[in-house]
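S.K.: One structure coming up, written as structure tokens, with questions to follow.
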Amino acid sequence: MGYKRYKISDAVSLIQETGVANFMRCNIWHVEGRDYDLVIDTGMGLDSLKQWVNRHTNRPIKAVVTHSHFDHSGCLHEFDERLGHPAEADILANPLNERTLFTGSWTRIGIIDPRQHPEFSPESYHVQAAPLTGYLDEGDVLDLGDSAYQILHLPGHSPGSIGLYDVKKRALFSGDALYDGELLDSLYHSDKSTYLQTLERIESLGAEVFHAGHYPSFGKDRMQQLIDSYREGNNSLGDVEAWYEENRLSMGDMFADQDWSGSHV
């Protein structure tokens, strides 16, 4: 099946969806708990994620979606318990391509490896409807029995973006609110001023480890660099196709597997 697993810590694993370009590949997080497990985000859905995860756990699974974009919600429909923010619920229940962002530039640049997914077609790809079975909002807590995660509402990238924060370990699953790359703040439902407020909140949170929606995990020094750069206007992504053309030759094999298991240390 089209996934690889990298152990980050005793309880946390990174699942990577193979055959998706590194710059687009969503980080799928598997958090193991005493009473149940979390799967945080679900990739594009090119292969069954639920079947693959069930090979690695016999505990119940709660699937949490940090936001509704196509690269994070593709396999959400497979899970019986689907949790996310109310502001993303309508998109997840009615995931038209223009709402999940699989439109325009994302359909024209090469984000899928034809060697691994020869059947993939941008014209036919779509996210399947996945109505939320429960809502997560600011102040909620997911208690796994031996660990707990506070829900943070982190809007700006999208209205209902959320993060999951382990206060004891000072580790934040930040989704696309913050990752080690150029941030997207000009989407149809993004808000730049709100985004800046979210980044200021993350900055003051006291987190020391950031498990993001894309690219490797990082620490607080890198967090500060990324936010400072955004404030200065140097860390946001505008024209996607122009960015792709400028960078694709330097990417090497953009579909290569990436072992990021030690990147947060």
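Lettering and numbering for the structure tokens are positional, with chains as A, B, ... in the shown order, residues counted from 1 in each chain, and ligands counted from 1 in the shown order.
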I want to know what sits within 7 Å of stretch 128-137 of chain A, based on only C-alpha atoms, with residues of the same chain fewer than 6 positions away left out; could you give that as JSON, numbers by chain?
M.R.: {"A": [74, 76, 77, 81, 82, 83, 84, 85, 86, 89, 92, 93, 94, 95, 151, 152, 153]}
S.K.: Would you export the selected residues with C-alpha atoms as an mmCIF file, in the first residue's frame, please?
M.R.:
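Below you can see result01.cif, which holds the result:
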```cif
data_model
loop_
_atom_site.group_PDB
_atom_site.id
_atom_site.type_symbol
_atom_site.label_atom_id
_atom_site.label_comp_id
_atom_site.auth_asym_id
_atom_site.auth_seq_id
_atom_site.Cartn_x
_atom_site.Cartn_y
_atom_site.Cartn_z
ATOM 1 C CA GLY A 74 -8.650 12.505 1.397
ATOM 2 C CA LEU A 76 -11.243 11.011 6.345
ATOM 3 C CA HIS A 77 -14.391 9.290 5.068
ATOM 4 C CA GLU A 81 -15.126 8.760 14.211
ATOM 5 C CA ARG A 82 -14.288 11.968 12.349
ATOM 6 C CA LEU A 83 -13.474 15.091 14.343
ATOM 7 C CA GLY A 84 -12.791 18.644 13.230
ATOM 8 C CA HIS A 85 -13.731 22.280 13.702
ATOM 9 C CA PRO A 86 -17.328 23.388 12.997
ATOM 10 C CA ALA A 89 -17.757 20.943 8.610
ATOM 11 C CA LEU A 92 -16.015 18.221 4.545
ATOM 12 C CA ALA A 93 -19.640 17.202 4.040
ATOM 13 C CA ASN A 94 -19.775 18.811 0.578
ATOM 14 C CA PRO A 95 -16.170 18.663 -0.688
ATOM 15 C CA ILE A 151 -7.483 21.796 21.024
ATOM 16 C CA LEU A 152 -6.388 25.217 19.797
ATOM 17 C CA HIS A 153 -8.373 27.128 17.199
#
```
S.K.: As an mmCIF file with N, CA and C atoms, in the first residue's frame, list the residues of stretch 67-166 of chain A assigned to strand (DSSP E or B) by DSSP on the backbone atoms of this structure.
M.R.:
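Writing done, so here's part07.cif:
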```cif
data_model
loop_
_atom_site.group_PDB
_atom_site.id
_atom_site.type_symbol
_atom_site.label_atom_id
_atom_site.label_comp_id
_atom_site.auth_asym_id
_atom_site.auth_seq_id
_atom_site.Cartn_x
_atom_site.Cartn_y
_atom_site.Cartn_z
ATOM 1 N N ARG A 82 -14.931 10.918 13.130
ATOM 2 C CA ARG A 82 -14.288 11.968 12.349
ATOM 3 C C ARG A 82 -14.489 13.302 13.057
ATOM 4 N N LEU A 83 -13.396 13.908 13.507
ATOM 5 C CA LEU A 83 -13.474 15.091 14.343
ATOM 6 C C LEU A 83 -12.765 16.268 13.681
ATOM 7 N N GLY A 84 -13.391 17.430 13.781
ATOM 8 C CA GLY A 84 -12.791 18.644 13.230
ATOM 9 C C GLY A 84 -13.552 19.865 13.719
ATOM 10 N N ILE A 112 1.589 14.309 -8.356
ATOM 11 C CA ILE A 112 1.424 12.862 -8.214
ATOM 12 C C ILE A 112 2.390 12.146 -9.159
ATOM 13 N N GLY A 134 -18.263 14.558 15.106
ATOM 14 C CA GLY A 134 -18.122 15.344 16.334
ATOM 15 C C GLY A 134 -17.260 16.560 16.055
ATOM 16 N N TYR A 135 -17.427 17.585 16.872
ATOM 17 C CA TYR A 135 -16.717 18.842 16.672
ATOM 18 C C TYR A 135 -15.615 19.029 17.713
ATOM 19 N N VAL A 141 -10.524 18.995 24.999
ATOM 20 C CA VAL A 141 -9.375 18.145 25.314
ATOM 21 C C VAL A 141 -9.657 16.729 24.815
ATOM 22 N N LEU A 142 -8.685 16.147 24.139
ATOM 23 C CA LEU A 142 -8.732 14.738 23.766
ATOM 24 C C LEU A 142 -7.838 13.979 24.739
ATOM 25 N N ASP A 143 -8.453 13.169 25.603
ATOM 26 C CA ASP A 143 -7.730 12.427 26.632
ATOM 27 C C ASP A 143 -7.587 10.979 26.177
ATOM 28 N N ALA A 148 -2.817 13.672 26.903
ATOM 29 C CA ALA A 148 -3.971 14.522 26.599
ATOM 30 C C ALA A 148 -3.540 15.659 25.683
ATOM 31 N N TYR A 149 -4.458 16.063 24.814
ATOM 32 C CA TYR A 149 -4.172 17.110 23.832
ATOM 33 C C TYR A 149 -5.238 18.187 23.894
ATOM 34 N N GLN A 150 -4.794 19.408 24.144
ATOM 35 C CA GLN A 150 -5.694 20.556 24.121
ATOM 36 C C GLN A 150 -5.925 20.977 22.676
ATOM 37 N N ILE A 151 -7.155 21.316 22.361
ATOM 38 C CA ILE A 151 -7.483 21.796 21.024
ATOM 39 C C ILE A 151 -7.330 23.319 20.983
ATOM 40 N N LEU A 152 -6.572 23.784 20.012
ATOM 41 C CA LEU A 152 -6.388 25.217 19.797
ATOM 42 C C LEU A 152 -7.009 25.594 18.455
ATOM 43 N N HIS A 153 -7.834 26.613 18.453
ATOM 44 C CA HIS A 153 -8.373 27.128 17.199
ATOM 45 C C HIS A 153 -7.329 28.078 16.615
ATOM 46 N N ILE A 162 -7.172 23.914 13.159
ATOM 47 C CA ILE A 162 -6.950 23.631 14.570
ATOM 48 C C ILE A 162 -5.566 23.027 14.769
ATOM 49 N N GLY A 163 -5.088 23.103 16.027
ATOM 50 C CA GLY A 163 -3.880 22.423 16.445
ATOM 51 C C GLY A 163 -4.181 21.586 17.667
ATOM 52 N N LEU A 164 -3.312 20.622 17.941
ATOM 53 C CA LEU A 164 -3.440 19.761 19.117
ATOM 54 C C LEU A 164 -2.169 19.919 19.934
ATOM 55 N N TYR A 165 -2.317 20.312 21.201
ATOM 56 C CA TYR A 165 -1.163 20.672 22.017
ATOM 57 C C TYR A 165 -1.044 19.764 23.230
ATOM 58 N N ASP A 166 0.106 19.086 23.332
ATOM 59 C CA ASP A 166 0.445 18.292 24.509
ATOM 60 C C ASP A 166 1.197 19.208 25.464
#
```
S.K.: Tell me which of A:Ile111, A:Ala87, A:Val39, A:Cys26 sits closest to A:Glu241, counting only C-alpha atoms.
M.R.: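 Of A:Ile111, A:Ala87, A:Val39, A:Cys26, the one nearest A:Glu241, counting only C-alpha atoms, is A:Ile111.
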S.K.: What does the distance between atom CA of A:Asp253 and atom CA of A:Leu237 come to in Å, to one decimal place?
M.R.: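 That distance, rounded to one decimal, is 21.5 Å.
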S.K.: Set the distance at 7 Å and use only C-alpha atoms: which residues neighbour A:Ser73 once local chain neighbours fewer than 2 positions away are removed? I'd like the list as a PDB file with C-alpha atoms, in the first residue's frame.
M.R.:
```pdb
ATOM      1  CA  ASP A  41      -4.959  14.352   8.968  1.00  0.00           C
ATOM      2  CA  THR A  42      -5.466  11.741   6.265  1.00  0.00           C
ATOM      3  CA  GLY A  43      -3.594  12.708   3.089  1.00  0.00           C
ATOM      4  CA  MET A  44      -5.003  12.745  -0.438  1.00  0.00           C
ATOM      5  CA  VAL A  65      -8.677  16.716  10.527  1.00  0.00           C
ATOM      6  CA  SER A  68     -10.549  20.624   5.064  1.00  0.00           C
ATOM      7  CA  HIS A  69      -8.057  20.999   2.190  1.00  0.00           C
ATOM      8  CA  PHE A  70      -7.738  18.060  -0.206  1.00  0.00           C
ATOM      9  CA  ASP A  71      -4.225  17.055   0.864  1.00  0.00           C
ATOM     10  CA  CYS A  75      -9.162   9.438   3.606  1.00  0.00           C
ATOM     11  CA  LEU A  76     -11.243  11.011   6.345  1.00  0.00           C
TER      12      LEU A  76
END
```
S.K.: Can you pull out every residue within 8 Å of stretch 207-219 of chain A, counting only C-alpha atoms, but drop anything in the same chain fewer than 4 positions away, and send it as an MDAnalysis selection string?
M.R.: chainID A and resid 22:28 167 170:176 178:181 202 223 260 263:265
S.K.: With C-alpha atoms retained, could you export that selection as a compact mmCIF listing (two decimals), in the first residue's frame?
M.R.:
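result.txt was written with the following content:
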```
# COMPACT_ATOMS: atom_id res chain seq x y z
CA ASN A 22 7.39 16.19 -1.13
CA PHE A 23 6.30 19.82 -1.21
CA MET A 24 2.64 18.78 -1.28
CA ARG A 25 2.67 15.61 0.82
CA CYS A 26 0.69 16.03 4.01
CA ASN A 27 2.19 14.73 7.24
CA ILE A 28 -0.20 12.11 8.64
CA VAL A 167 1.09 20.67 27.42
CA ARG A 170 5.23 21.01 24.99
CA ALA A 171 4.54 19.49 21.58
CA LEU A 172 2.14 21.07 19.09
CA PHE A 173 0.57 19.37 16.09
CA SER A 174 0.13 22.57 14.12
CA GLY A 175 -1.45 21.47 10.85
CA ASP A 176 -0.94 24.16 8.22
CA LEU A 178 2.77 26.72 10.82
CA TYR A 179 5.20 24.46 8.96
CA ASP A 180 8.82 24.73 7.83
CA GLY A 181 8.08 26.26 4.44
CA ILE A 202 1.83 30.10 18.59
CA MET A 223 9.54 28.44 14.92
CA TRP A 260 12.16 12.85 9.00
CA SER A 263 14.25 16.08 12.50
CA HIS A 264 12.66 17.51 15.66
CA VAL A 265 15.59 16.64 17.96
```
S.K.: If you run DSSP over the backbone, which residues in stretch 43-214 of chain A end up alpha helix (DSSP H)? Put them as a ChimeraX atom specification.
M.R.: /A:49-53,70-73,86-93,97-100,105-108,192-203
S.K.: Those same residues - C-alpha atoms - I'd like them written as a short mmCIF file (atom, residue, chain, number, x, y, z; two decimals), in the first residue's frame.
M.R.:
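So the final result, stored in part15.cif, reads:
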```
data_model
loop_
_atom_site.label_atom_id
_atom_site.label_comp_id
_atom_site.auth_asym_id
_atom_site.auth_seq_id
_atom_site.Cartn_x
_atom_site.Cartn_y
_atom_site.Cartn_z
CA LEU A 49 -5.24 4.76 5.03
CA LYS A 50 -7.55 3.01 7.49
CA GLN A 51 -6.54 -0.44 6.27
CA TRP A 52 -2.88 0.51 6.55
CA VAL A 53 -3.16 2.01 10.05
CA PHE A 70 -7.74 18.06 -0.21
CA ASP A 71 -4.22 17.05 0.86
CA HIS A 72 -5.37 16.64 4.49
CA SER A 73 -8.85 15.12 4.16
CA PRO A 86 -17.33 23.39 13.00
CA ALA A 87 -16.08 26.02 10.53
CA GLU A 88 -14.74 23.25 8.26
CA ALA A 89 -17.76 20.94 8.61
CA ASP A 90 -19.74 22.07 5.57
CA ILE A 91 -16.74 21.73 3.25
CA LEU A 92 -16.02 18.22 4.54
CA ALA A 93 -19.64 17.20 4.04
CA ASN A 97 -12.94 20.62 -5.62
CA GLU A 98 -13.04 24.40 -5.57
CA ARG A 99 -13.79 24.26 -1.82
CA THR A 100 -11.09 21.71 -0.94
CA SER A 105 -2.65 25.55 -10.09
CA TRP A 106 -2.87 22.39 -8.01
CA THR A 107 -4.39 20.50 -10.96
CA ARG A 108 -1.72 21.69 -13.39
CA LYS A 192 -3.89 37.49 6.60
CA SER A 193 -4.60 39.58 9.68
CA THR A 194 -6.14 36.59 11.44
CA TYR A 195 -3.20 34.46 10.37
CA LEU A 196 -0.77 36.89 11.96
CA GLN A 197 -2.72 36.75 15.22
CA THR A 198 -2.56 32.95 15.13
CA LEU A 199 1.20 33.02 14.58
CA GLU A 200 1.61 35.43 17.47
CA ARG A 201 -0.35 33.03 19.63
CA ILE A 202 1.83 30.10 18.59
CA GLU A 203 4.88 32.21 19.29
#
```
S.K.: Which residue, A:Pro122, A:Pro114, A:Gly45, A:Gly2, has the smallest gap to A:Phe102 when you use only C-alpha atoms?
M.R.: A:Pro122
